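Novice: What follows is input-v9.cif, made up of mmCIF, C-alpha atoms:
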```cif
data_query
#
loop_
_atom_site.group_PDB
_atom_site.id
_atom_site.type_symbol
_atom_site.label_atom_id
_atom_site.label_comp_id
_atom_site.auth_asym_id
_atom_site.auth_seq_id
_atom_site.Cartn_x
_atom_site.Cartn_y
_atom_site.Cartn_z
ATOM 1 C CA MET I 1 157.991 -151.294 43.732
ATOM 2 C CA GLN I 2 160.611 -152.768 46.004
ATOM 3 C CA LEU I 3 162.695 -149.784 47.073
ATOM 4 C CA GLN I 4 165.719 -149.264 49.275
ATOM 5 C CA PRO I 5 167.570 -146.079 50.222
ATOM 6 C CA VAL I 6 170.580 -144.974 48.200
ATOM 7 C CA ASP I 7 173.866 -145.325 50.079
ATOM 8 C CA THR I 8 174.990 -141.906 51.341
ATOM 9 C CA VAL I 9 178.482 -140.801 52.405
ATOM 10 C CA SER I 10 180.052 -137.479 53.331
ATOM 11 C CA SER I 11 183.097 -138.312 51.246
ATOM 12 C CA ILE I 12 184.666 -141.400 49.695
ATOM 13 C CA SER I 13 188.087 -142.467 48.468
ATOM 14 C CA ALA I 14 188.558 -142.966 44.756
ATOM 15 C CA ALA I 15 189.451 -146.629 45.327
ATOM 16 C CA ASP I 16 186.291 -147.344 47.334
ATOM 17 C CA PHE I 17 184.108 -145.476 44.840
ATOM 18 C CA LYS I 18 185.481 -147.386 41.873
ATOM 19 C CA THR I 19 185.177 -150.785 43.566
ATOM 20 C CA LYS I 20 181.907 -150.468 45.492
ATOM 21 C CA TYR I 21 179.884 -148.218 43.178
ATOM 22 C CA TYR I 22 181.380 -147.565 39.738
ATOM 23 C CA ALA I 23 182.325 -151.160 38.953
ATOM 24 C CA ALA I 24 179.298 -152.508 40.835
ATOM 25 C CA MET I 25 176.935 -150.177 38.922
ATOM 26 C CA LYS I 26 175.348 -149.060 42.193
ATOM 27 C CA PRO I 27 174.084 -145.501 42.885
ATOM 28 C CA LEU I 28 175.587 -143.341 45.616
ATOM 29 C CA VAL I 29 175.024 -139.903 47.162
ATOM 30 C CA ILE I 30 178.165 -137.949 48.117
ATOM 31 C CA LYS I 31 177.293 -135.087 50.458
ATOM 32 C CA ASP I 32 180.503 -133.032 50.452
ATOM 33 C CA LEU I 33 181.867 -133.340 46.914
ATOM 34 C CA SER I 34 180.430 -129.990 45.766
ATOM 35 C CA LYS I 35 181.015 -128.061 48.985
ATOM 36 C CA GLN I 36 184.584 -127.258 47.930
ATOM 37 C CA TRP I 37 183.364 -125.692 44.673
ATOM 38 C CA PRO I 38 182.741 -121.921 44.369
ATOM 39 C CA ALA I 39 179.417 -122.871 42.748
ATOM 40 C CA TYR I 40 178.128 -124.224 46.069
ATOM 41 C CA GLN I 41 177.667 -120.669 47.383
ATOM 42 C CA LYS I 42 177.863 -118.656 44.177
ATOM 43 C CA TRP I 43 175.140 -120.208 42.038
ATOM 44 C CA THR I 44 171.781 -118.608 42.852
ATOM 45 C CA TRP I 45 168.663 -117.662 40.887
ATOM 46 C CA ASP I 46 169.738 -114.013 40.643
ATOM 47 C CA TYR I 47 173.262 -114.918 39.583
ATOM 48 C CA PHE I 48 171.980 -116.898 36.600
ATOM 49 C CA ILE I 49 169.378 -114.259 35.732
ATOM 50 C CA ASN I 50 172.116 -111.634 35.588
ATOM 51 C CA ILE I 51 174.539 -113.561 33.381
ATOM 52 C CA VAL I 52 172.274 -115.480 30.961
ATOM 53 C CA GLY I 53 168.765 -114.160 31.592
ATOM 54 C CA GLU I 54 168.243 -113.045 27.984
ATOM 55 C CA LYS I 55 168.910 -116.458 26.435
ATOM 56 C CA GLU I 56 165.887 -118.337 25.058
ATOM 57 C CA VAL I 57 165.355 -121.832 26.432
ATOM 58 C CA GLY I 58 162.952 -124.698 25.819
ATOM 59 C CA VAL I 59 160.670 -125.598 28.719
ATOM 60 C CA TYR I 60 158.808 -128.847 29.386
ATOM 61 C CA ASN I 61 155.523 -129.430 31.199
ATOM 62 C CA ASN I 62 154.345 -132.430 33.255
ATOM 63 C CA ILE I 63 152.309 -134.023 30.443
ATOM 64 C CA LYS I 64 153.714 -137.375 29.352
ATOM 65 C CA SER I 65 154.603 -137.827 25.689
ATOM 66 C CA ASP I 66 152.156 -139.506 23.326
ATOM 67 C CA ALA I 67 152.299 -141.401 20.019
ATOM 68 C CA TYR I 68 153.295 -138.267 18.105
ATOM 69 C CA THR I 69 155.967 -136.823 20.414
ATOM 70 C CA PRO I 70 159.632 -137.091 19.318
ATOM 71 C CA ILE I 71 162.194 -137.502 22.087
ATOM 72 C CA ASN I 72 163.262 -134.260 23.838
ATOM 73 C CA THR I 73 160.801 -131.911 22.114
ATOM 74 C CA ALA I 74 160.179 -128.691 24.099
ATOM 75 C CA ASP I 75 156.608 -127.654 24.931
ATOM 76 C CA ALA I 76 157.335 -123.908 24.802
ATOM 77 C CA TYR I 77 160.157 -121.373 24.682
ATOM 78 C CA MET I 78 160.904 -118.328 26.828
ATOM 79 C CA LYS I 79 163.772 -116.225 28.110
ATOM 80 C CA PHE I 80 165.793 -117.996 30.787
ATOM 81 C CA GLY I 81 165.489 -115.036 33.161
ATOM 82 C CA ASP I 82 161.701 -114.876 32.785
ATOM 83 C CA TYR I 83 161.471 -118.592 33.490
ATOM 84 C CA LEU I 84 163.635 -118.333 36.637
ATOM 85 C CA GLU I 85 161.499 -115.466 37.948
ATOM 86 C CA LYS I 86 158.446 -117.737 37.600
ATOM 87 C CA VAL I 87 160.249 -120.546 39.434
ATOM 88 C CA LYS I 88 161.162 -118.176 42.264
ATOM 89 C CA SER I 89 157.578 -116.979 42.685
ATOM 90 C CA GLY I 90 155.982 -120.345 43.556
ATOM 91 C CA PRO I 91 154.723 -123.685 42.197
ATOM 92 C CA LEU I 92 155.327 -124.138 38.471
ATOM 93 C CA ASP I 93 154.970 -127.337 36.440
ATOM 94 C CA LEU I 94 157.674 -126.342 33.956
ATOM 95 C CA ARG I 95 161.254 -127.530 33.858
ATOM 96 C CA ILE I 96 164.331 -127.053 31.697
ATOM 97 C CA PHE I 97 165.958 -130.109 30.211
ATOM 98 C CA LEU I 98 169.609 -130.343 29.112
ATOM 99 C CA PHE I 99 170.412 -126.611 29.112
ATOM 100 C CA ASN I 100 174.100 -126.066 28.318
ATOM 101 C CA ILE I 101 174.415 -122.769 30.169
ATOM 102 C CA PHE I 102 178.189 -123.030 29.863
ATOM 103 C CA GLN I 103 178.048 -122.300 26.128
ATOM 104 C CA HIS I 104 176.531 -118.916 26.958
ATOM 105 C CA ALA I 105 178.594 -118.189 30.083
ATOM 106 C CA PRO I 106 181.860 -120.143 29.713
ATOM 107 C CA GLN I 107 183.408 -118.348 32.666
ATOM 108 C CA ILE I 108 181.320 -120.356 35.146
ATOM 109 C CA VAL I 109 183.121 -123.581 34.228
ATOM 110 C CA SER I 110 185.748 -122.421 36.723
ATOM 111 C CA ASP I 111 183.089 -122.571 39.474
ATOM 112 C CA PHE I 112 183.419 -126.350 39.760
ATOM 113 C CA THR I 113 186.043 -129.079 39.372
ATOM 114 C CA TRP I 114 185.750 -132.196 37.243
ATOM 115 C CA PRO I 115 186.095 -135.099 39.740
ATOM 116 C CA GLU I 116 188.419 -137.139 37.550
ATOM 117 C CA GLU I 117 189.758 -138.976 40.573
ATOM 118 C CA LEU I 118 186.425 -140.820 40.643
ATOM 119 C CA MET I 119 186.043 -141.646 36.942
ATOM 120 C CA LYS I 120 187.456 -140.861 33.515
ATOM 121 C CA GLY I 121 185.739 -140.096 30.232
ATOM 122 C CA PHE I 122 183.916 -136.875 31.162
ATOM 123 C CA VAL I 123 182.297 -135.159 28.182
ATOM 124 C CA LYS I 124 183.597 -131.708 29.054
ATOM 125 C CA ARG I 125 181.805 -129.912 26.229
ATOM 126 C CA TYR I 126 178.446 -130.826 27.718
ATOM 127 C CA PRO I 127 177.963 -130.128 31.409
ATOM 128 C CA MET I 128 174.207 -129.599 31.662
ATOM 129 C CA LEU I 129 171.864 -127.597 33.881
ATOM 130 C CA PHE I 130 168.456 -128.949 34.920
ATOM 131 C CA VAL I 131 165.896 -126.566 36.438
ATOM 132 C CA GLY I 132 162.391 -127.223 37.707
ATOM 133 C CA GLY I 133 159.628 -125.336 39.455
ATOM 134 C CA GLN I 134 158.023 -126.677 42.601
ATOM 135 C CA GLY I 135 155.780 -129.563 41.535
ATOM 136 C CA SER I 136 157.438 -130.174 38.185
ATOM 137 C CA ILE I 137 158.271 -133.736 37.189
ATOM 138 C CA THR I 138 160.880 -135.494 35.092
ATOM 139 C CA HIS I 139 159.081 -138.657 34.006
ATOM 140 C CA MET I 140 160.667 -142.090 34.267
ATOM 141 C CA HIS I 141 163.394 -142.567 31.644
ATOM 142 C CA PHE I 142 167.022 -143.508 31.115
ATOM 143 C CA ASP I 143 169.589 -141.247 29.450
ATOM 144 C CA ILE I 144 169.851 -142.101 25.793
ATOM 145 C CA ASP I 145 173.651 -141.859 25.523
ATOM 146 C CA MET I 146 174.117 -144.470 28.293
ATOM 147 C CA SER I 147 176.672 -142.324 30.139
ATOM 148 C CA HIS I 148 177.520 -142.384 33.832
ATOM 149 C CA ILE I 149 176.161 -139.268 35.570
ATOM 150 C CA LEU I 150 177.212 -137.161 38.549
ATOM 151 C CA HIS I 151 174.109 -135.087 39.302
ATOM 152 C CA THR I 152 174.615 -132.280 41.844
ATOM 153 C CA GLN I 153 171.663 -130.465 43.403
ATOM 154 C CA PHE I 154 172.281 -126.742 44.003
ATOM 155 C CA MET I 155 168.935 -125.372 45.118
ATOM 156 C CA GLY I 156 165.793 -126.887 46.633
ATOM 157 C CA ARG I 157 164.945 -130.545 47.244
ATOM 158 C CA LYS I 158 164.183 -133.233 44.704
ATOM 159 C CA ARG I 159 162.777 -136.757 45.157
ATOM 160 C CA VAL I 160 164.473 -139.327 42.924
ATOM 161 C CA LEU I 161 163.370 -142.843 42.028
ATOM 162 C CA LEU I 162 166.077 -145.084 40.489
ATOM 163 C CA PHE I 163 166.163 -148.512 38.843
ATOM 164 C CA PRO I 164 168.929 -150.481 37.095
ATOM 165 C CA PHE I 165 168.580 -150.679 33.324
ATOM 166 C CA ASP I 166 167.731 -154.404 33.449
ATOM 167 C CA GLU I 167 164.446 -153.616 35.221
ATOM 168 C CA GLN I 168 163.190 -152.112 31.941
ATOM 169 C CA TYR I 169 160.449 -154.661 31.209
ATOM 170 C CA LYS I 170 159.026 -154.470 34.730
ATOM 171 C CA LEU I 171 158.911 -150.687 34.301
ATOM 172 C CA TYR I 172 157.005 -150.931 30.971
ATOM 173 C CA ARG I 173 159.665 -149.417 28.764
ATOM 174 C CA LYS I 174 158.330 -148.312 25.396
ATOM 175 C CA PRO I 175 160.339 -150.171 22.704
ATOM 176 C CA TRP I 176 162.640 -147.924 20.658
ATOM 177 C CA GLU I 177 162.348 -145.226 23.347
ATOM 178 C CA VAL I 178 163.971 -144.250 26.630
ATOM 179 C CA LEU I 179 160.590 -143.716 28.347
ATOM 180 C CA SER I 180 158.157 -145.816 30.371
ATOM 181 C CA LEU I 181 154.505 -146.033 29.388
ATOM 182 C CA ALA I 182 153.528 -145.950 33.070
ATOM 183 C CA ASN I 183 153.075 -142.660 34.903
ATOM 184 C CA TYR I 184 155.081 -142.519 38.134
ATOM 185 C CA ALA I 185 153.957 -139.000 39.097
ATOM 186 C CA ASN I 186 153.314 -138.808 42.844
ATOM 187 C CA TYR I 187 154.185 -142.508 43.058
ATOM 188 C CA ALA I 188 154.739 -142.239 46.814
ATOM 189 C CA GLU I 189 151.009 -141.550 47.289
ATOM 190 C CA LYS I 190 149.513 -143.619 44.479
ATOM 191 C CA PHE I 191 150.483 -145.768 41.530
ATOM 192 C CA ASP I 192 148.365 -147.548 38.920
ATOM 193 C CA TYR I 193 149.316 -151.146 39.740
ATOM 194 C CA GLU I 194 146.059 -152.336 38.210
ATOM 195 C CA ASN I 195 147.231 -151.456 34.696
ATOM 196 C CA PHE I 196 150.954 -151.873 35.366
ATOM 197 C CA PRO I 197 151.208 -154.834 37.772
ATOM 198 C CA ALA I 198 154.795 -155.809 36.874
ATOM 199 C CA VAL I 199 156.032 -152.590 38.514
ATOM 200 C CA ARG I 200 155.443 -154.320 41.868
ATOM 201 C CA LEU I 201 158.386 -156.569 40.995
ATOM 202 C CA ALA I 202 160.814 -153.775 40.105
ATOM 203 C CA ARG I 203 163.748 -153.435 42.499
ATOM 204 C CA GLY I 204 165.171 -149.952 42.852
ATOM 205 C CA TYR I 205 166.186 -147.048 45.030
ATOM 206 C CA GLU I 206 164.720 -143.850 46.418
ATOM 207 C CA VAL I 207 166.410 -140.709 47.711
ATOM 208 C CA ILE I 208 165.710 -137.025 48.390
ATOM 209 C CA LEU I 209 168.504 -134.758 47.155
ATOM 210 C CA GLU I 210 169.273 -131.516 48.986
ATOM 211 C CA HIS I 211 171.579 -128.567 48.346
ATOM 212 C CA GLY I 212 175.085 -129.854 47.687
ATOM 213 C CA ASP I 213 174.216 -133.541 47.286
ATOM 214 C CA THR I 214 175.879 -135.305 44.349
ATOM 215 C CA LEU I 215 174.126 -138.417 43.043
ATOM 216 C CA PHE I 216 176.122 -140.974 41.068
ATOM 217 C CA MET I 217 173.795 -142.612 38.538
ATOM 218 C CA PRO I 218 175.466 -145.520 36.740
ATOM 219 C CA ALA I 219 175.039 -145.793 32.978
ATOM 220 C CA GLY I 220 171.554 -146.706 31.833
ATOM 221 C CA TYR I 221 169.864 -146.215 35.196
ATOM 222 C CA TRP I 222 166.174 -145.392 35.008
ATOM 223 C CA HIS I 223 165.250 -142.272 36.963
ATOM 224 C CA HIS I 224 162.095 -140.350 37.827
ATOM 225 C CA MET I 225 162.442 -136.961 39.558
ATOM 226 C CA GLU I 226 159.934 -134.789 41.406
ATOM 227 C CA TYR I 227 160.785 -131.230 42.455
ATOM 228 C CA ILE I 228 159.678 -130.847 46.069
ATOM 229 C CA ASP I 229 160.900 -127.237 45.849
ATOM 230 C CA GLY I 230 161.886 -125.105 42.895
ATOM 231 C CA GLY I 231 165.517 -125.912 42.248
ATOM 232 C CA PHE I 232 168.325 -126.608 39.836
ATOM 233 C CA ALA I 233 171.059 -129.172 39.413
ATOM 234 C CA MET I 234 174.085 -129.824 37.200
ATOM 235 C CA SER I 235 174.900 -133.126 35.505
ATOM 236 C CA LEU I 236 178.434 -134.122 34.560
ATOM 237 C CA ARG I 237 178.454 -136.987 32.055
ATOM 238 C CA ALA I 238 181.175 -139.593 31.602
ATOM 239 C CA LEU I 239 181.278 -142.132 28.788
ATOM 240 C CA GLN I 240 181.475 -145.784 29.723
ATOM 241 C CA SER I 241 185.028 -147.151 29.713
ATOM 242 C CA SER I 242 184.176 -150.183 27.567
ATOM 243 C CA LEU I 243 183.916 -150.037 23.772
ATOM 244 C CA GLY I 244 180.608 -151.907 23.964
ATOM 245 C CA GLY I 245 179.163 -149.288 26.294
ATOM 246 C CA LYS I 246 180.197 -146.457 23.981
ATOM 247 C CA VAL I 247 178.775 -148.194 20.901
ATOM 248 C CA ASN I 248 175.507 -148.901 22.713
ATOM 249 C CA GLY I 249 175.175 -145.221 23.579
ATOM 250 C CA LEU I 250 175.898 -144.140 20.001
ATOM 251 C CA TRP I 251 173.335 -146.578 18.606
ATOM 252 C CA LYS I 252 170.609 -145.343 20.935
ATOM 253 C CA LEU I 253 171.483 -141.703 20.293
ATOM 254 C CA PHE I 254 171.749 -141.770 16.505
ATOM 255 C CA GLY I 255 170.117 -145.035 15.441
ATOM 256 C CA MET I 256 167.255 -145.887 17.771
ATOM 257 C CA ARG I 257 166.115 -142.284 18.227
ATOM 258 C CA ASN I 258 166.101 -141.451 14.514
ATOM 259 C CA ILE I 259 164.166 -144.596 13.624
ATOM 260 C CA ASP I 260 161.592 -143.879 16.341
ATOM 261 C CA THR I 261 161.227 -140.249 15.231
ATOM 262 C CA LEU I 262 160.751 -141.319 11.611
ATOM 263 C CA MET I 263 158.051 -143.845 12.540
ATOM 264 C CA LYS I 264 156.242 -141.285 14.714
ATOM 265 C CA LYS I 265 156.070 -138.986 11.703
ATOM 266 C CA THR I 266 155.020 -141.579 9.135
ATOM 267 C CA ALA I 267 152.766 -144.021 11.051
ATOM 268 C CA PRO I 268 152.367 -142.682 14.590
ATOM 269 C CA GLN I 269 149.304 -144.560 15.770
ATOM 270 C CA TRP I 270 150.338 -147.902 14.238
ATOM 271 C CA TRP I 271 153.833 -147.525 15.709
ATOM 272 C CA TYR I 272 152.455 -146.609 19.138
ATOM 273 C CA ASN I 273 150.039 -149.547 19.193
ATOM 274 C CA ARG I 274 152.764 -151.951 18.084
ATOM 275 C CA LYS I 275 155.103 -150.789 20.847
ATOM 276 C CA ARG I 276 152.336 -150.895 23.442
ATOM 277 C CA LYS I 277 151.476 -154.493 22.560
ATOM 278 C CA LYS I 278 155.117 -155.509 22.748
ATOM 279 C CA LEU I 279 155.831 -153.870 26.115
ATOM 280 C CA TYR I 280 152.816 -155.543 27.714
ATOM 281 C CA SER I 281 154.057 -158.863 26.337
ATOM 282 C CA PHE I 282 157.444 -158.308 27.974
ATOM 283 C CA ALA I 283 155.796 -157.340 31.283
ATOM 284 C CA GLU I 284 153.585 -160.443 31.192
ATOM 285 C CA LYS I 285 156.679 -162.621 30.837
ATOM 286 C CA GLU I 286 158.169 -160.973 33.929
ATOM 287 C CA LEU I 287 154.966 -161.656 35.891
ATOM 288 C CA LYS I 288 154.865 -165.319 34.814
ATOM 289 C CA LEU I 289 158.542 -165.786 35.665
ATOM 290 C CA SER I 290 157.929 -164.331 39.112
ATOM 291 C CA GLU I 291 154.949 -166.665 39.673
ATOM 292 C CA LYS I 292 157.052 -169.656 38.587
ATOM 293 C CA ASN I 293 159.859 -168.734 40.982
ATOM 294 C CA ASP I 294 157.377 -168.301 43.853
ATOM 295 C CA LYS I 295 156.049 -171.816 43.263
ATOM 296 C CA ILE I 296 159.546 -173.293 43.221
ATOM 297 C CA ASN I 297 160.478 -171.513 46.434
#
```
Starting from the coordinates I provided, produce the structure as structure tokens.
Specialist:
Amino acid sequence: MQLQPVDTVSSISAADFKTKYYAAMKPLVIKDLSKQWPAYQKWTWDYFINIVGEKEVGVYNNIKSDAYTPINTADAYMKFGDYLEKVKSGPLDLRIFLFNIFQHAPQIVSDFTWPEELMKGFVKRYPMLFVGGQGSITHMHFDIDMSHILHTQFMGRKRVLLFPFDEQYKLYRKPWEVLSLANYANYAEKFDYENFPAVRLARGYEVILEHGDTLFMPAGYWHHMEYIDGGFAMSLRALQSSLGGKVNGLWKLFGMRNIDTLMKKTAPQWWYNRKRKKLYSFAEKELKLSEKNDKIN
């Protein structure tokens, strides 16, 4: 992996953001965007336990999906409050994915402000909470709806690995899915380059998010997240401004996903083997192209 740090600013003008990051499809960390929100001080473990602790939520472990796993299928269910108590108590390899806490506690929408000076098209019905115990992992993927994301960390630290969408074949994307076949868990200490050599060619970014940091992830960006501490974050999603971007997101959400789910139910092993063969073929082409360019240079 060829990594560089994500640009980080305390604040940024709307004009500079739109030109240098939004239009350029380049990630950015804004340190002070959330510090003006009541949520910056107000949102704590106990606060959430008190207001929505009785709601049942799906939790996800660190095991990567296999040939039979549909996209976004929870590994277990428990009360939100019980889960947060476990997170508070120490290491826990369980996380919550896409929890719309605002449906259950609509009053907390007033705890933050939609930063519409930076971008338009926010999907205001679906601000989402992401929670993870210390040591939990969000495996390498891109968001299926192809939206732009403002991801604000409210508790704990989280290591994030980012790649532009076009790096998909170097990352061993599974066809018809949003996931990589490769396992990037603890990538900073070890990675299986022997079985996934094209990953060496992938150009991306790395950053550690802390309390109050807001990460702009352009549409389609691959991301892998590791919870250094137990923590939670909120994602605000904004549709792409172009019609093509919106249609692409709809196709992946309702077309690609449903076809993949159907095939996993009807011919899981055949479908998995077919996709595996294809992704290795794509990666091999990337390796050969790189070798050719090295010879020319």
Novice: Have a look at CA of Met146 in chain I and CA of Asn248 in chain I and let me know their distance in Å, one decimal.
Specialist: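 Going from CA of Met146 in chain I over to CA of Asn248 in chain I, I get 7.3 Å.
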Novice: Contacts of Gln36 in chain I at 10 Å or less, counting only C-alpha atoms, minus same-chain residues fewer than 6 places along, as a PyMOL selection string?
Specialist: chain I and resi 111-113+212
Novice: Name the residues captured by the PyMOL selection byres ((chain I and resi 188-193) around 12) when it is applied to the shown file; answer as number ranges by chain.
Specialist: I: 1, 3, 159-161, 170-172, 181-187, 194-202, 206-207, 224-226
Novice: Report as JSON, numbers by chain all protein, DNA and RNA residues lying within 7 Å of Gly231 in chain I, evaluated on all atoms listed in the file, omitting residues in the same chain fewer than 6 positions from it.
Specialist: {"I": [131, 132, 133, 155, 156, 157]}
Novice: I need the residues from that last selection saved to file as a short mmCIF file (atom, residue, chain, number, x, y, z; two decimals), keeping the file's coordinate frame (with C-alpha atoms), if you can.
Specialist:
```cif
data_model
loop_
_atom_site.label_atom_id
_atom_site.label_comp_id
_atom_site.auth_asym_id
_atom_site.auth_seq_id
_atom_site.Cartn_x
_atom_site.Cartn_y
_atom_site.Cartn_z
CA VAL I 131 165.90 -126.57 36.44
CA GLY I 132 162.39 -127.22 37.71
CA GLY I 133 159.63 -125.34 39.46
CA MET I 155 168.94 -125.37 45.12
CA GLY I 156 165.79 -126.89 46.63
CA ARG I 157 164.94 -130.54 47.24
#
```
Novice: Selection in question (the file shown): the PyMOL selection byres ((chain I and resi 165-167) around 6). Which residues does it include, as a ChimeraX atom specification?
Specialist: /I:164,168-170,220-221
Novice: Rank I:Thr152, I:Asn100, I:Ser89, I:Gln4 by their smallest atom-to-atom distance to Leu209 in chain I, using only C-alpha atoms, and report the top residue only.
Specialist: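 Residue with the minimum atom-to-atom distance to Leu209 in chain I: I:Thr152.
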Novice: Report, as lines of an AutoDock Vina configuration file, the centre and edge lengths in Å (one decimal) of the axis-aligned box enclosing every listed atom of range 236-255 of chain I, padded by 3 Å on each side.
Specialist:
```
center_x = 177.6
center_y = -143.0
center_z = 25.0
size_x = 20.9
size_y = 23.8
size_z = 25.1
```
Novice: Running the PyMOL selection byres ((chain I and resi 281) around 12) on this model by hand, what would come out? Give it as a ChimeraX atom specification.
Specialist: /I:169-170,172-175,196,198,274-280,282-288
Novice: Please produce a file of the residues just selected, as a PDB file, in the coordinates of the input, where the atoms kept are C-alpha atoms.
Specialist:
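The resulting file, again-v9.pdb, is reproduced below:
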```pdb
ATOM      1  CA  TYR I 169     160.449-154.661  31.209  1.00  0.00           C
ATOM      2  CA  LYS I 170     159.026-154.470  34.730  1.00  0.00           C
ATOM      3  CA  TYR I 172     157.005-150.931  30.971  1.00  0.00           C
ATOM      4  CA  ARG I 173     159.665-149.417  28.764  1.00  0.00           C
ATOM      5  CA  LYS I 174     158.330-148.312  25.396  1.00  0.00           C
ATOM      6  CA  PRO I 175     160.339-150.171  22.704  1.00  0.00           C
ATOM      7  CA  PHE I 196     150.954-151.873  35.366  1.00  0.00           C
ATOM      8  CA  ALA I 198     154.795-155.809  36.874  1.00  0.00           C
ATOM      9  CA  ARG I 274     152.764-151.951  18.084  1.00  0.00           C
ATOM     10  CA  LYS I 275     155.103-150.789  20.847  1.00  0.00           C
ATOM     11  CA  ARG I 276     152.336-150.895  23.442  1.00  0.00           C
ATOM     12  CA  LYS I 277     151.476-154.493  22.560  1.00  0.00           C
ATOM     13  CA  LYS I 278     155.117-155.509  22.748  1.00  0.00           C
ATOM     14  CA  LEU I 279     155.831-153.870  26.115  1.00  0.00           C
ATOM     15  CA  TYR I 280     152.816-155.543  27.714  1.00  0.00           C
ATOM     16  CA  PHE I 282     157.444-158.308  27.974  1.00  0.00           C
ATOM     17  CA  ALA I 283     155.796-157.340  31.283  1.00  0.00           C
ATOM     18  CA  GLU I 284     153.585-160.443  31.192  1.00  0.00           C
ATOM     19  CA  LYS I 285     156.679-162.621  30.837  1.00  0.00           C
ATOM     20  CA  GLU I 286     158.169-160.973  33.929  1.00  0.00           C
ATOM     21  CA  LEU I 287     154.966-161.656  35.891  1.00  0.00           C
ATOM     22  CA  LYS I 288     154.865-165.319  34.814  1.00  0.00           C
TER      23      LYS I 288
END
```
Novice: In file coordinates, which residues lie within 10 Å of (158.0, -122.1, 44.3) using all atoms listed in the file, given as a PyMOL selection string?
Specialist: chain I and resi 85-93+132-135+156+227-231
Novice: Find the residue from I:Lys20, I:Lys26, I:His141, I:Lys124 that sits nearest to Gly204 in chain I; use all atoms listed in the file when measuring.
Specialist: I:Lys26
Novice: So how many Å separate CA of Val52 in chain I and CA of Ile101 in chain I, to one decimal?
Specialist: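 These atoms are spaced 7.6 Å apart.
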Novice: Residues at most 10 Å from range 53-59 of chain I, counting all atoms listed in the file, excluding those fewer than 6 positions away in the same chain, as a ChimeraX atom specification?
Specialist: /I:45-47,72-85,93-101,104,131-132
Novice: Now that the selection is made, can you save its residues with C-alpha atoms as a PDB file, keeping the file's coordinate frame?
Specialist:
```pdb
ATOM      1  CA  TRP I  45     168.663-117.662  40.887  1.00  0.00           C
ATOM      2  CA  ASP I  46     169.738-114.013  40.643  1.00  0.00           C
ATOM      3  CA  TYR I  47     173.262-114.918  39.583  1.00  0.00           C
ATOM      4  CA  ASN I  72     163.262-134.260  23.838  1.00  0.00           C
ATOM      5  CA  THR I  73     160.801-131.911  22.114  1.00  0.00           C
ATOM      6  CA  ALA I  74     160.179-128.691  24.099  1.00  0.00           C
ATOM      7  CA  ASP I  75     156.608-127.654  24.931  1.00  0.00           C
ATOM      8  CA  ALA I  76     157.335-123.908  24.802  1.00  0.00           C
ATOM      9  CA  TYR I  77     160.157-121.373  24.682  1.00  0.00           C
ATOM     10  CA  MET I  78     160.904-118.328  26.828  1.00  0.00           C
ATOM     11  CA  LYS I  79     163.772-116.225  28.110  1.00  0.00           C
ATOM     12  CA  PHE I  80     165.793-117.996  30.787  1.00  0.00           C
ATOM     13  CA  GLY I  81     165.489-115.036  33.161  1.00  0.00           C
ATOM     14  CA  ASP I  82     161.701-114.876  32.785  1.00  0.00           C
ATOM     15  CA  TYR I  83     161.471-118.592  33.490  1.00  0.00           C
ATOM     16  CA  LEU I  84     163.635-118.333  36.637  1.00  0.00           C
ATOM     17  CA  GLU I  85     161.499-115.466  37.948  1.00  0.00           C
ATOM     18  CA  ASP I  93     154.970-127.337  36.440  1.00  0.00           C
ATOM     19  CA  LEU I  94     157.674-126.342  33.956  1.00  0.00           C
ATOM     20  CA  ARG I  95     161.254-127.530  33.858  1.00  0.00           C
ATOM     21  CA  ILE I  96     164.331-127.053  31.697  1.00  0.00           C
ATOM     22  CA  PHE I  97     165.958-130.109  30.211  1.00  0.00           C
ATOM     23  CA  LEU I  98     169.609-130.343  29.112  1.00  0.00           C
ATOM     24  CA  PHE I  99     170.412-126.611  29.112  1.00  0.00           C
ATOM     25  CA  ASN I 100     174.100-126.066  28.318  1.00  0.00           C
ATOM     26  CA  ILE I 101     174.415-122.769  30.169  1.00  0.00           C
ATOM     27  CA  HIS I 104     176.531-118.916  26.958  1.00  0.00           C
ATOM     28  CA  VAL I 131     165.896-126.566  36.438  1.00  0.00           C
ATOM     29  CA  GLY I 132     162.391-127.223  37.707  1.00  0.00           C
TER      30      GLY I 132
END
```
Novice: Of the candidates I:Ser136, I:Gln240, I:Asn273, I:Ser34, which shows the shortest atom-to-atom distance to Asn62 in chain I, using only C-alpha atoms?
Specialist: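 Smallest distance to Asn62 in chain I is found for I:Ser136.
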Novice: In Å to one decimal, how far is CA of His148 in chain I from CA of Val247 in chain I?
Specialist: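 These two atoms are separated by 14.2 Å.
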Novice: Taking only C-alpha atoms into account, name the residue in I:Lys265, I:His223, I:His139, I:Lys246 that is nearest to Leu162 in chain I.
Specialist: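 Going through I:Lys265, I:His223, I:His139, I:Lys246 one by one, the smallest distance to Leu162 in chain I is for I:His223.
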